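J.: For reference, the file protein14.cif (mmCIF, C-alpha atoms) is included below:
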```
data_target
#
loop_
_atom_site.label_atom_id
_atom_site.label_comp_id
_atom_site.auth_asym_id
_atom_site.auth_seq_id
_atom_site.Cartn_x
_atom_site.Cartn_y
_atom_site.Cartn_z
CA MET C 3 19.71 61.27 17.88
CA GLN C 4 19.45 59.06 14.81
CA GLY C 5 18.32 59.89 11.31
CA ALA C 6 15.19 58.84 9.44
CA ARG C 7 14.45 58.27 5.78
CA ILE C 8 11.75 57.00 3.45
CA ILE C 9 12.83 53.69 1.94
CA SER C 10 9.70 52.62 0.05
CA THR C 11 6.34 53.79 -1.28
CA GLY C 12 3.09 52.15 -2.38
CA SER C 13 -0.41 53.20 -3.41
CA ALA C 14 -3.85 51.89 -4.29
CA VAL C 15 -6.95 53.26 -5.98
CA PRO C 16 -10.35 51.64 -6.57
CA ASN C 17 -11.28 50.26 -9.97
CA SER C 18 -14.47 52.30 -10.35
CA THR C 19 -14.11 55.66 -12.06
CA ILE C 20 -16.56 58.55 -12.24
CA ASN C 21 -15.59 61.04 -14.92
CA ASN C 22 -16.99 64.52 -15.35
CA SER C 23 -19.48 63.44 -18.00
CA GLN C 24 -20.99 60.98 -15.54
CA MET C 25 -20.94 63.64 -12.84
CA CYS C 26 -23.08 65.84 -15.07
CA ARG C 27 -25.85 63.26 -14.80
CA LEU C 28 -25.78 63.51 -11.01
CA VAL C 29 -25.75 67.28 -10.56
CA ASP C 30 -26.15 70.42 -12.65
CA THR C 31 -22.60 70.94 -13.86
CA SER C 32 -20.36 70.50 -16.91
CA ASP C 33 -16.94 69.12 -17.70
CA GLU C 34 -15.71 72.61 -18.58
CA TRP C 35 -17.00 74.05 -15.28
CA ILE C 36 -15.30 71.35 -13.19
CA VAL C 37 -11.98 71.39 -15.06
CA THR C 38 -11.76 75.19 -15.11
CA ARG C 39 -12.40 75.54 -11.38
CA THR C 40 -10.63 72.46 -10.04
CA GLY C 41 -8.50 70.75 -12.70
CA ILE C 42 -10.27 67.44 -11.96
CA LYS C 43 -11.33 65.22 -14.88
CA GLU C 44 -12.21 62.02 -13.02
CA ARG C 45 -12.08 60.42 -9.61
CA ARG C 46 -11.95 56.85 -8.24
CA ILE C 47 -14.76 55.60 -6.00
CA LEU C 48 -14.71 52.56 -3.71
CA THR C 49 -17.74 50.38 -4.43
CA GLY C 50 -18.98 47.02 -3.24
CA LEU C 51 -20.56 45.68 -0.07
CA ASN C 52 -18.48 45.99 3.11
CA LYS C 53 -15.54 47.62 1.31
CA SER C 54 -13.70 50.15 3.45
CA VAL C 55 -10.60 52.28 3.80
CA ILE C 56 -8.77 49.19 5.05
CA ASP C 57 -9.10 47.44 1.67
CA LEU C 58 -7.17 50.27 -0.01
CA ALA C 59 -4.69 50.70 2.85
CA LEU C 60 -3.91 46.98 2.71
CA VAL C 61 -2.97 47.02 -0.98
CA ALA C 62 -0.84 50.16 -0.64
CA SER C 63 0.96 48.72 2.38
CA ILE C 64 1.74 45.39 0.73
CA LYS C 65 3.15 47.18 -2.32
CA ALA C 66 5.45 49.26 -0.13
CA LEU C 67 6.61 46.18 1.80
CA ASP C 68 7.20 44.16 -1.37
CA LYS C 69 9.36 46.86 -2.96
CA VAL C 70 11.98 46.44 -0.26
CA SER C 71 11.30 42.74 0.40
CA MET C 72 10.42 43.53 4.01
CA ASN C 73 8.67 40.98 6.20
CA PRO C 74 5.70 42.60 8.00
CA SER C 75 7.11 41.29 11.28
CA GLU C 76 9.89 43.88 10.92
CA ILE C 77 7.43 46.77 11.23
CA ASP C 78 7.47 48.33 14.71
CA LEU C 79 4.70 50.90 14.30
CA ILE C 80 1.79 51.58 11.95
CA ILE C 81 0.23 55.04 11.72
CA LEU C 82 -2.95 55.23 9.65
CA ALA C 83 -3.81 58.80 8.71
CA THR C 84 -7.52 58.82 7.87
CA SER C 85 -10.71 60.76 8.45
CA SER C 86 -12.92 57.97 7.15
CA PRO C 87 -12.25 54.91 9.34
CA ASN C 88 -14.62 51.96 9.26
CA ASP C 89 -14.62 52.02 13.07
CA LEU C 90 -14.70 55.20 15.17
CA PHE C 91 -12.47 53.47 17.73
CA GLY C 92 -9.81 53.24 15.02
CA SER C 93 -8.99 51.15 11.96
CA ALA C 94 -5.19 50.84 12.16
CA SER C 95 -5.39 47.65 14.22
CA GLN C 96 -7.32 45.99 11.40
CA LEU C 97 -4.55 46.92 8.97
CA GLN C 98 -1.97 45.50 11.38
CA ALA C 99 -3.83 42.19 11.50
CA LYS C 100 -4.39 41.98 7.73
CA ILE C 101 -0.73 42.46 6.83
CA LYS C 102 0.29 40.25 9.77
CA ALA C 103 2.55 42.90 11.31
CA TYR C 104 2.07 41.35 14.72
CA ASN C 105 5.10 43.06 16.29
CA ALA C 106 3.76 46.52 15.47
CA VAL C 107 1.69 48.84 17.60
CA ALA C 108 -0.92 50.62 15.47
CA PHE C 109 -3.03 53.73 15.82
CA ASP C 110 -5.09 56.15 13.75
CA LEU C 111 -4.20 59.82 13.27
CA THR C 112 -6.98 62.18 12.22
CA ALA C 113 -5.94 65.43 10.57
CA ALA C 114 -7.86 65.21 7.28
CA CYS C 115 -5.87 66.48 4.29
CA SER C 116 -2.86 67.28 6.48
CA GLY C 117 -2.93 63.79 7.98
CA PHE C 118 -0.09 62.26 5.98
CA VAL C 119 2.27 65.13 6.78
CA LEU C 120 1.50 64.96 10.51
CA ALA C 121 1.75 61.16 10.50
CA THR C 122 5.14 61.26 8.77
CA VAL C 123 6.45 63.87 11.18
CA THR C 124 5.19 61.75 14.10
CA ALA C 125 6.90 58.66 12.68
CA SER C 126 10.18 60.52 12.22
CA GLN C 127 10.21 61.47 15.89
CA PHE C 128 9.92 57.82 16.96
CA LEU C 129 12.78 56.94 14.62
CA GLN C 130 15.09 59.82 15.38
CA ASN C 131 14.88 59.30 19.15
CA GLY C 132 15.81 55.65 18.70
CA ASN C 133 12.57 53.99 19.83
CA TYR C 134 11.76 52.19 16.58
CA ARG C 135 13.53 50.91 13.49
CA ASN C 136 10.76 50.57 10.82
CA ILE C 137 7.47 52.46 10.63
CA LEU C 138 4.65 52.09 8.12
CA VAL C 139 2.75 55.33 7.49
CA VAL C 140 -0.45 55.10 5.47
CA GLY C 141 -2.65 57.94 4.27
CA ALA C 142 -6.03 56.59 3.19
CA ASP C 143 -9.52 57.99 2.80
CA VAL C 144 -12.85 56.99 1.28
CA LEU C 145 -14.66 60.30 1.46
CA SER C 146 -17.12 59.15 -1.20
CA LYS C 147 -18.95 57.58 1.76
CA TRP C 148 -19.35 61.01 3.33
CA VAL C 149 -20.23 63.08 0.28
CA ASN C 150 -23.70 64.46 -0.39
CA TRP C 151 -24.02 63.39 -4.01
CA SER C 152 -26.57 66.12 -4.71
CA ASP C 153 -24.23 68.90 -3.50
CA ARG C 154 -22.43 70.22 -6.56
CA SER C 155 -19.94 72.19 -4.50
CA THR C 156 -18.41 69.07 -2.90
CA CYS C 157 -19.36 65.90 -4.80
CA ILE C 158 -17.24 66.85 -7.81
CA LEU C 159 -14.10 67.16 -5.69
CA PHE C 160 -13.48 63.99 -3.74
CA GLY C 161 -12.16 60.55 -4.61
CA ASP C 162 -10.93 57.48 -2.73
CA ALA C 163 -7.35 56.20 -2.49
CA ALA C 164 -4.51 55.09 -0.23
CA GLY C 165 -0.78 55.75 -0.19
CA ALA C 166 1.91 54.23 2.00
CA VAL C 167 5.53 54.86 2.89
CA ILE C 168 7.98 52.91 5.01
CA LEU C 169 10.31 55.02 7.10
CA GLN C 170 13.47 53.56 8.58
CA SER C 171 15.97 54.83 11.11
CA SER C 172 19.43 55.66 9.81
CA LEU C 173 22.71 57.14 10.86
CA GLN C 174 22.43 60.85 11.58
CA LYS C 175 24.58 61.66 8.54
CA ASP C 176 22.04 59.86 6.32
CA ASN C 177 18.99 61.64 7.77
CA ALA C 178 16.51 62.53 5.02
CA ILE C 179 13.65 64.06 7.05
CA LEU C 180 15.23 67.49 7.10
CA GLY C 181 12.60 69.59 8.86
CA PHE C 182 8.97 70.43 9.35
CA GLN C 183 6.56 73.24 10.20
CA LEU C 184 3.05 72.52 11.56
CA ASN C 185 0.11 74.81 12.34
CA THR C 186 -3.53 74.70 13.41
CA ASP C 187 -6.20 77.39 13.71
CA GLY C 188 -9.34 75.90 15.20
CA ASN C 189 -11.26 79.19 14.93
CA TYR C 190 -12.10 78.28 11.36
CA TYR C 191 -12.94 74.58 11.73
CA ARG C 192 -16.43 75.12 10.34
CA HIS C 193 -15.06 75.99 6.89
CA LEU C 194 -14.40 72.29 6.19
CA SER C 195 -16.13 69.72 8.35
CA ILE C 196 -18.21 66.60 8.78
CA SER C 197 -20.31 67.74 11.71
CA TYR C 198 -22.13 65.65 14.29
CA LYS C 199 -25.83 66.46 14.68
CA GLU C 200 -27.54 65.58 17.93
CA VAL C 201 -31.21 64.98 18.62
CA ILE C 202 -32.88 64.09 21.89
CA ASN C 203 -33.51 60.38 22.26
CA PRO C 204 -36.79 59.77 24.15
CA HIS C 205 -36.18 57.60 27.21
CA PRO C 206 -38.45 57.01 30.23
CA ILE C 207 -35.66 57.79 32.71
CA LEU C 208 -32.71 59.44 30.94
CA SER C 209 -32.55 62.52 28.73
CA LEU C 210 -30.12 61.24 26.14
CA TYR C 211 -28.76 63.20 23.22
CA GLN C 212 -27.65 60.99 20.36
CA GLY C 213 -27.10 61.63 16.71
CA SER C 214 -25.04 60.96 13.63
CA PHE C 215 -22.40 62.52 11.42
CA GLN C 216 -23.54 64.61 8.48
CA SER C 217 -22.10 64.93 4.96
CA ILE C 218 -19.01 66.94 4.04
CA TYR C 219 -19.46 70.70 4.21
CA MET C 220 -16.92 73.06 2.68
CA ASN C 221 -16.74 76.81 2.29
CA GLY C 222 -14.64 76.63 -0.86
CA LYS C 223 -13.89 80.35 -1.07
CA GLU C 224 -12.53 80.53 2.48
CA VAL C 225 -10.52 77.30 2.16
CA TYR C 226 -8.93 78.61 -1.03
CA LYS C 227 -7.98 81.91 0.64
CA PHE C 228 -6.57 80.04 3.64
CA ALA C 229 -4.45 77.67 1.55
CA VAL C 230 -3.06 80.31 -0.80
CA SER C 231 -2.12 82.62 2.06
CA GLN C 232 -0.83 80.19 4.71
CA VAL C 233 0.88 77.39 2.76
CA PRO C 234 3.56 79.62 1.15
CA LEU C 235 4.33 81.12 4.57
CA SER C 236 4.69 77.65 6.08
CA ILE C 237 7.04 76.57 3.30
CA LEU C 238 9.19 79.68 3.61
CA LYS C 239 9.44 79.32 7.38
CA CYS C 240 10.50 75.69 7.02
CA LEU C 241 13.07 76.50 4.34
CA ASN C 242 14.50 79.34 6.41
CA SER C 243 14.89 77.09 9.46
CA LEU C 244 17.08 74.80 7.35
CA ASN C 245 18.99 77.60 5.58
CA LEU C 246 17.56 76.44 2.27
CA SER C 247 16.32 78.67 -0.55
CA ILE C 248 13.60 78.36 -3.17
CA ASP C 249 16.31 77.47 -5.68
CA ASP C 250 17.20 74.38 -3.62
CA ILE C 251 13.75 72.86 -4.23
CA ASP C 252 13.65 70.10 -6.83
CA TRP C 253 9.97 69.16 -6.35
CA LEU C 254 6.89 70.79 -4.83
CA LEU C 255 4.39 68.20 -3.64
CA LEU C 256 1.20 69.77 -2.27
CA HIS C 257 -2.01 68.18 -1.09
CA GLN C 258 -3.97 67.62 -4.31
CA ALA C 259 -7.00 69.75 -3.50
CA ASN C 260 -7.42 72.07 -6.45
CA GLU C 261 -5.25 72.88 -9.47
CA ARG C 262 -5.71 76.60 -8.89
CA ILE C 263 -4.31 76.24 -5.36
CA LEU C 264 -1.27 74.30 -6.61
CA ASN C 265 -0.49 76.95 -9.20
CA ALA C 266 -1.17 79.89 -6.88
CA VAL C 267 1.17 78.54 -4.18
CA ALA C 268 3.91 77.89 -6.75
CA ASP C 269 3.45 81.38 -8.21
CA LYS C 270 3.70 83.03 -4.78
CA LEU C 271 6.96 81.20 -4.16
CA SER C 272 8.28 81.79 -7.71
CA ILE C 273 8.58 78.04 -8.25
CA ASN C 274 8.46 76.92 -11.87
CA SER C 275 5.35 74.88 -12.69
CA SER C 276 7.62 72.11 -14.04
CA LYS C 277 8.56 71.35 -10.43
CA ILE C 278 4.96 70.74 -9.30
CA ILE C 279 4.04 67.08 -8.75
CA ALA C 280 0.36 66.71 -9.64
CA ASN C 281 -2.08 63.91 -10.41
CA LEU C 282 -5.24 65.72 -9.36
CA SER C 283 -6.88 65.41 -12.76
CA LYS C 284 -7.05 61.59 -12.45
CA TYR C 285 -8.07 61.16 -8.83
CA GLY C 286 -9.56 64.36 -7.42
CA ASN C 287 -9.04 65.26 -3.77
CA THR C 288 -8.24 62.03 -1.92
CA SER C 289 -7.60 63.77 1.42
CA ALA C 290 -4.88 62.05 3.49
CA ALA C 291 -4.04 59.79 0.53
CA SER C 292 -3.31 62.53 -1.97
CA ILE C 293 0.33 63.23 -1.07
CA PRO C 294 1.57 59.62 -0.73
CA LEU C 295 -0.37 58.63 -3.87
CA ALA C 296 1.28 61.40 -5.89
CA LEU C 297 4.66 60.61 -4.33
CA ASP C 298 4.42 56.94 -5.26
CA GLU C 299 3.47 57.75 -8.86
CA ALA C 300 6.35 60.23 -9.17
CA VAL C 301 8.78 57.60 -7.86
CA GLN C 302 7.41 54.97 -10.25
CA ASP C 303 7.70 57.42 -13.15
CA LYS C 304 11.35 58.01 -12.12
CA LYS C 305 10.78 61.75 -11.78
CA ILE C 306 12.33 61.80 -8.33
CA VAL C 307 15.99 60.81 -8.16
CA LYS C 308 18.51 60.36 -5.37
CA ASP C 309 19.29 63.50 -3.34
CA ASP C 310 16.35 65.49 -4.72
CA ILE C 311 14.88 67.98 -2.24
CA ILE C 312 11.10 67.60 -1.98
CA VAL C 313 8.92 70.18 -0.26
CA ILE C 314 5.71 68.53 0.90
CA SER C 315 2.75 70.54 2.23
CA GLY C 316 -0.65 69.41 3.42
CA PHE C 317 -3.58 71.67 4.31
CA GLY C 318 -7.24 71.27 5.10
CA ALA C 319 -9.81 70.65 7.80
CA GLY C 320 -9.02 71.81 11.28
CA LEU C 321 -7.95 74.15 9.87
CA THR C 322 -4.55 72.47 9.93
CA TRP C 323 -1.56 72.84 7.65
CA GLY C 324 2.03 71.71 7.61
CA THR C 325 5.23 71.47 5.61
CA LEU C 326 7.74 68.63 5.54
CA ILE C 327 11.07 68.85 3.71
CA VAL C 328 12.60 65.59 2.59
CA GLN C 329 15.77 64.63 0.77
CA TRP C 330 15.25 61.55 -1.34
CA LYS C 331 17.73 58.82 -0.37
CA CYS C 332 16.30 55.84 -2.26
CA LYS C 333 18.34 54.62 -5.20
#
```
Take the structure I supplied and represent it as structure tokens, if you would.
T.:
Amino acid sequence: MQGARIISTGSAVPNSTINNSQMCRLVDTSDEWIVTRTGIKERRILTGLNKSVIDLALVASIKALDKVSMNPSEIDLIILATSSPNDLFGSASQLQAKIKAYNAVAFDLTAACSGFVLATVTASQFLQNGNYRNILVVGADVLSKWVNWSDRSTCILFGDAAGAVILQSSLQKDNAILGFQLNTDGNYYRHLSISYKEVINPHPILSLYQGSFQSIYMNGKEVYKFAVSQVPLSILKCLNSLNLSIDDIDWLLLHQANERILNAVADKLSINSSKIIANLSKYGNTSAASIPLALDEAVQDKKIVKDDIIVISGFGAGLTWGTLIVQWKCK
């Protein structure tokens, strides 16, 4: 077995911003109502004809490659964590072509807001068993394309973004992907979904049922209860498996869903709020992009330093949740 570590990060957000004052002109709400309940002040929205998740993933990927002066031909695998591809057959191959990583195999991974955690864990397995040397993991979503902009309960929450990391194999003694804990409970998938609605398609010979995907639906109360109850348990189980304690944590990086969730999880674990990495107020919930986007900003701001222990947890649709514990090895 080899080790694995993150060697670079990158991120991208659209230029267009919708702040809470503008949101008030779309639905019956107020800045105070949104900030009090979510902590969100503005969100970025991808606009323009034929713009897709790939446009953001491309920029984030190039930034990550440039930081370590890596030629795209050195990438062996690309995992694109997204729930908003521009092609239901998968979008990762488009990213591979655009960055000219022609030696890389590429595939999509769909796990919504937990997608980046699951994609990073998947990448680490390929590295630690010696199959690959360099893997590009991208979390990217453009859920603005799937929001009902007249639904106050969801349209205020979501924004568009992409975040990327490059993972590289290492000697076992330099391993920085310390451990993980993953869970799914499909009994509650309806609490957060983009459902497919079928209708019969009249045909002279065949009885065909065809349809289309609907807008985002979320039972906010149930999702909140799920996150606040299950995420701390996942973190504790992961820490215990590594013989680490709460005191060993330097940074808590959660999926940026709701400020109340971030604070409630930290409170349950008795983690000081100064250790929470958060950028929710600027971007809203960017689904699979939220964790790598926040990670990249924290690295750029020099908050995270060598040997810091970072507890990363994603949670969301599925319902799926997971924890990844990383030791930062970049200089």
J.: Set the distance at 8 Å and use all atoms listed in the file: which residues neighbour Ile56 of chain C once local chain neighbours fewer than 2 positions away are removed? I'd like the list as a ChimeraX atom specification.
T.: /C:53-54,58-60,87-88,93,96-97
J.: How would the residues just picked look written out with C-alpha atoms as a PDB file, in the frame of the given file?
T.:
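So the final result, stored in selection.pdb, reads:
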```pdb
ATOM      1  CA  LYS C  53     -15.540  47.620   1.310  1.00  0.00           C
ATOM      2  CA  SER C  54     -13.700  50.150   3.450  1.00  0.00           C
ATOM      3  CA  LEU C  58      -7.170  50.270  -0.010  1.00  0.00           C
ATOM      4  CA  ALA C  59      -4.690  50.700   2.850  1.00  0.00           C
ATOM      5  CA  LEU C  60      -3.910  46.980   2.710  1.00  0.00           C
ATOM      6  CA  PRO C  87     -12.250  54.910   9.340  1.00  0.00           C
ATOM      7  CA  ASN C  88     -14.620  51.960   9.260  1.00  0.00           C
ATOM      8  CA  SER C  93      -8.990  51.150  11.960  1.00  0.00           C
ATOM      9  CA  GLN C  96      -7.320  45.990  11.400  1.00  0.00           C
ATOM     10  CA  LEU C  97      -4.550  46.920   8.970  1.00  0.00           C
TER      11      LEU C  97
END
```
J.: Between C:Ile77, C:Leu67, C:Leu254, C:Ala268, which is the closest to Ala280 of chain C once you count only C-alpha atoms?
T.: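 Of C:Ile77, C:Leu67, C:Leu254, C:Ala268, the one nearest Ala280 of chain C, counting only C-alpha atoms, is C:Leu254.
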J.: Could you tell me which residues the PyMOL selection byres ((chain C and resi 289) around 10) grabs in this file, written as a PyMOL selection string?
T.: chain C and resi 83-86+113-118+141-145+160-164+257-259+286-288+290-293+316-319
J.: With distances taken over all atoms listed in the file, which of C:Leu321, C:Ile47, C:Val328, C:Cys240 is nearest to Tyr191 of chain C?
T.: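 Between C:Leu321, C:Ile47, C:Val328, C:Cys240, the residue approaching Tyr191 of chain C most closely is C:Leu321.
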J.: Pick the closest to Gly320 of chain C from C:Ile196, C:Ile306, C:Ile207, C:Ile278: which is it, counting only C-alpha atoms?
T.: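 Under the stated criterion, the closest residue is C:Ile196.
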J.: Need to verify the contact set: Val139 of chain C, 6 Å, all atoms listed in the file, exclusion of same-chain residues closer than 4 positions in sequence. Can you return it as a list in words?
T.: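 Listed by chain and then number, they are Ile80, Ile81, Ala166 and Val167 of chain C.
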J.: What does the PyMOL selection byres ((chain C and resi 168-175) around 6) select in this file, as number ranges by chain?
T.: C: 4-10, 129, 135-138, 167, 176-177
J.: What does the distance from atom CA of Ala94 of chain C to atom CA of Lys331 of chain C come to in Å, to one decimal?
T.: 27.3 Å
J.: Write out as a ChimeraX atom specification the residues lying within 10 Å of segment 242-252 of chain C, counting all atoms listed in the file and excluding same-chain residues fewer than 3 positions away.
T.: /C:180-183,236-239,255,271-274,276-278,306-307,309-313,327,329
J.: Could you write out as a PDB file with C-alpha atoms, in the frame of the given file the residues that the PyMOL selection byres ((chain C and resi 106) around 9) matches in the shown file?
T.:
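Saved to out_17.pdb:
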```
ATOM      1  CA  PRO C  74       5.700  42.600   8.000  1.00  0.00           C
ATOM      2  CA  SER C  75       7.110  41.290  11.280  1.00  0.00           C
ATOM      3  CA  GLU C  76       9.890  43.880  10.920  1.00  0.00           C
ATOM      4  CA  ILE C  77       7.430  46.770  11.230  1.00  0.00           C
ATOM      5  CA  ASP C  78       7.470  48.330  14.710  1.00  0.00           C
ATOM      6  CA  LEU C  79       4.700  50.900  14.300  1.00  0.00           C
ATOM      7  CA  ILE C  80       1.790  51.580  11.950  1.00  0.00           C
ATOM      8  CA  GLN C  98      -1.970  45.500  11.380  1.00  0.00           C
ATOM      9  CA  ALA C 103       2.550  42.900  11.310  1.00  0.00           C
ATOM     10  CA  TYR C 104       2.070  41.350  14.720  1.00  0.00           C
ATOM     11  CA  ASN C 105       5.100  43.060  16.290  1.00  0.00           C
ATOM     12  CA  VAL C 107       1.690  48.840  17.600  1.00  0.00           C
ATOM     13  CA  ALA C 108      -0.920  50.620  15.470  1.00  0.00           C
ATOM     14  CA  ILE C 137       7.470  52.460  10.630  1.00  0.00           C
TER      15      ILE C 137
END
```
J.: Suppose you want the space between atom CA of Thr325 of chain C and atom CA of Tyr190 of chain C; what is it in Å?
T.: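 Atom-to-atom, atom CA of Thr325 of chain C and atom CA of Tyr190 of chain C are spaced 19.5 Å apart.
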J.: What's the separation between atom CA of Ser18 of chain C and atom CA of Arg46 of chain C, in Å to one decimal place?
T.: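 Separating atom CA of Ser18 of chain C from atom CA of Arg46 of chain C is a distance of 5.6 Å.
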J.: Leaving out Phe215 of chain C and any residue of its chain fewer than 5 positions from it, which residues lie within 9 Å of it when counting only C-alpha atoms, given as a PyMOL selection string?
T.: chain C and resi 148+196-200
J.: Restricting the output to C-alpha atoms, write the selected residues as a short mmCIF file (atom, residue, chain, number, x, y, z; two decimals), in the coordinates of the input.
T.:
```cif
data_model
loop_
_atom_site.label_atom_id
_atom_site.label_comp_id
_atom_site.auth_asym_id
_atom_site.auth_seq_id
_atom_site.Cartn_x
_atom_site.Cartn_y
_atom_site.Cartn_z
CA TRP C 148 -19.35 61.01 3.33
CA ILE C 196 -18.21 66.60 8.78
CA SER C 197 -20.31 67.74 11.71
CA TYR C 198 -22.13 65.65 14.29
CA LYS C 199 -25.83 66.46 14.68
CA GLU C 200 -27.54 65.58 17.93
#
```
J.: Around all the atoms of segment 60-70 of chain C listed in the file, with 6 Å of room on each side, what axis-aligned box do you get, giving centre and edge lengths in Å to one decimal, as AutoDock Vina command-line options?
T.:
```
--center_x 4.0 --center_y 47.2 --center_z -0.1 --size_x 27.9 --size_y 18.0 --size_z 17.7
```
J.: Of the candidates C:Asp57, C:Asn131, C:Arg39, C:Ser209, which one gets nearest to Lys223 of chain C if we count all atoms listed in the file?
T.: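 Residue with the minimum atom-to-atom distance to Lys223 of chain C: C:Arg39.
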J.: Using all atoms listed in the file, which of the listed residues (C:Asn133, C:Leu326, C:Val201, C:Ala266) sits closest to Gly213 of chain C?
T.: C:Val201
J.: Can you list, as a PyMOL selection string, every protein, DNA or RNA residue that comes within 7 Å of Asp298 of chain C when you count all atoms listed in the file, leaving out same-chain residues fewer than 4 positions away?
T.: chain C and resi 11-13+294+302
J.: Would you please work out which residue, of C:Ser283, C:Ser63, C:Thr322, C:Gln216, is nearest to Asn150 of chain C when using all atoms listed in the file?
T.: C:Gln216
